[in-house]
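First the structure, in the form of structure tokens, and then the observations on it.
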Amino acid sequence: MTVDSSMSSGYCSLEEELEDCFFTAKTTFFRNVQSKHPSKNVCKPAEEATQRPPTLQEIKQKIDSYNTREKNCLGMKLSEDGTYTGFIKVHLKLRRPVTVPAGIRPQSIYDAIKEVDLAATTDKRTSFYLPLDAIKQLHISSTTTVSEVIQGLLKKFMVVDNPQKFALFKRIHKDGQVLFQKLSVADCPLYLRLLAGPDNDVLSFVLKENETGEVEWDAFSIPELQNFLTILEKEEQDKIQQVQKKYDKFRQKLKEALRECQGKPG
């Protein structure tokens, strides 16, 4: 799936429950200094680019309004310094296998609290598919960036792939279509959640492969490339079977039509 970054609106249209809280806003996920130059692969609507930062009073009003509409006890909390914490859900839509350490035990609650890096305990690697359409619920702060969200998700699953291989998208409904927009690594998802409100049908977040156009094959390991070949062969066979079934049905209908015509007098 390739996102066309040449569209002036920055959006693309695509066809298209596990819940876990794996880090909180009080962990070591700190906000990076935002670059003065936005990523060239990200097109933002003009109205977003010209918006002034909200005042503390405006943030408080938005949070109060958000919490009155939130029905699952997942409201936002405002701190005295003007930052706030809350929850977002990230849908995982990864089509390719990911690389993980081989032969180690699953992460425990103790490991999560103490931030033990289990991936660093072995050099053995293997690849597997993350559950498609799984959902992870994250507790983050208003200063948590997209880059930190991606790194946190990879750490949760002990994925050792380069975080730059992945991108976070926001998914919205507009004019009867489902639209995706790639977020900058410096964007703050919780602020976008606050502006959109708690309804996930209005706005949701999706983790996908970072499609920038030309594939940099050198960035992948040998096991990953072998898995890609396996995937392509399976997809090829699936497509062949689909085409064969399609034309088998056409052939059957044509034969039935011929028999009916031959059975009619004159």
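Just remember, in the structure tokens the first chain shown is A, the second B, etc., residues are 1-based per chain, and ligands are 1-based in the order shown.
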Non-local contacts of region 148-164 of chain A (6 Å; only C-alpha atoms; under 3 positions in same chain excluded) as a PyMOL selection string: chain A and resi 99-100+145
Please save all heavy atoms of the selected residues as a compact mmCIF listing (two decimals), in the first residue's frame.
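Written file, part_13.txt:
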```txt
# COMPACT_ATOMS: atom_id res chain seq x y z
N THR A 99 10.74 -8.24 12.80
CA THR A 99 11.86 -8.98 13.35
C THR A 99 11.86 -8.87 14.87
O THR A 99 11.78 -7.76 15.40
CB THR A 99 13.20 -8.45 12.79
OG1 THR A 99 13.16 -8.49 11.36
CG2 THR A 99 14.36 -9.30 13.28
N VAL A 100 11.94 -10.01 15.54
CA VAL A 100 11.93 -10.04 17.00
C VAL A 100 13.04 -10.96 17.48
O VAL A 100 13.54 -11.80 16.73
CB VAL A 100 10.57 -10.54 17.54
CG1 VAL A 100 9.45 -9.59 17.15
CG2 VAL A 100 10.28 -11.95 17.04
N THR A 145 5.28 12.41 21.48
CA THR A 145 5.29 12.58 20.04
C THR A 145 4.95 11.29 19.30
O THR A 145 4.97 10.19 19.89
CB THR A 145 6.66 13.08 19.55
OG1 THR A 145 7.63 12.07 19.85
CG2 THR A 145 7.03 14.38 20.24
```
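Closest approach to Leu92 (chain A) among A:Asp248, A:Asp123, A:Glu224, A:Asp133 is made by A:Asp133 (distances from only C-alpha atoms).
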Contact table region 179-221 of chain A vs region 124-131 of chain A, cut-off 12 Å, shortest pair per residue, only C-alpha atoms, as CSV:
```
residue,atom,partner,partner_atom,distance
A:Leu207,CA,A:Leu130,CA,11.4
A:Lys208,CA,A:Leu130,CA,11.4
A:Phe220,CA,A:Ser127,CA,11.6
A:Ser221,CA,A:Arg125,CA,10.0
```
Written file, previous selection with all heavy atoms, as a short mmCIF file (atom, residue, chain, number, x, y, z; two decimals), in the first residue's frame:
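Writing the result to selection-v9.cif gives the following:
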```cif
data_model
loop_
_atom_site.label_atom_id
_atom_site.label_comp_id
_atom_site.auth_asym_id
_atom_site.auth_seq_id
_atom_site.Cartn_x
_atom_site.Cartn_y
_atom_site.Cartn_z
N LEU A 207 -1.06 2.32 12.78
CA LEU A 207 0.37 2.07 12.55
C LEU A 207 0.52 1.21 11.30
O LEU A 207 -0.06 0.12 11.21
CB LEU A 207 1.00 1.36 13.75
CG LEU A 207 2.51 1.10 13.63
CD1 LEU A 207 3.28 2.40 13.75
CD2 LEU A 207 2.98 0.09 14.67
N LYS A 208 1.30 1.71 10.34
CA LYS A 208 1.48 1.00 9.08
C LYS A 208 2.95 1.06 8.68
O LYS A 208 3.75 1.76 9.30
CB LYS A 208 0.61 1.63 7.97
CG LYS A 208 -0.87 1.61 8.28
CD LYS A 208 -1.65 2.49 7.34
CE LYS A 208 -1.59 2.02 5.92
NZ LYS A 208 -2.45 2.86 5.04
N PHE A 220 16.74 -4.09 4.84
CA PHE A 220 16.13 -5.30 5.37
C PHE A 220 17.17 -6.40 5.54
O PHE A 220 18.14 -6.48 4.79
CB PHE A 220 15.01 -5.79 4.44
CG PHE A 220 13.85 -4.83 4.32
CD1 PHE A 220 13.78 -3.92 3.27
CD2 PHE A 220 12.86 -4.82 5.27
CE1 PHE A 220 12.73 -3.03 3.17
CE2 PHE A 220 11.80 -3.94 5.18
CZ PHE A 220 11.74 -3.04 4.13
N SER A 221 16.93 -7.26 6.52
CA SER A 221 17.82 -8.38 6.78
C SER A 221 17.49 -9.54 5.83
O SER A 221 16.44 -9.55 5.18
CB SER A 221 17.68 -8.84 8.23
OG SER A 221 16.36 -9.35 8.46
#
```
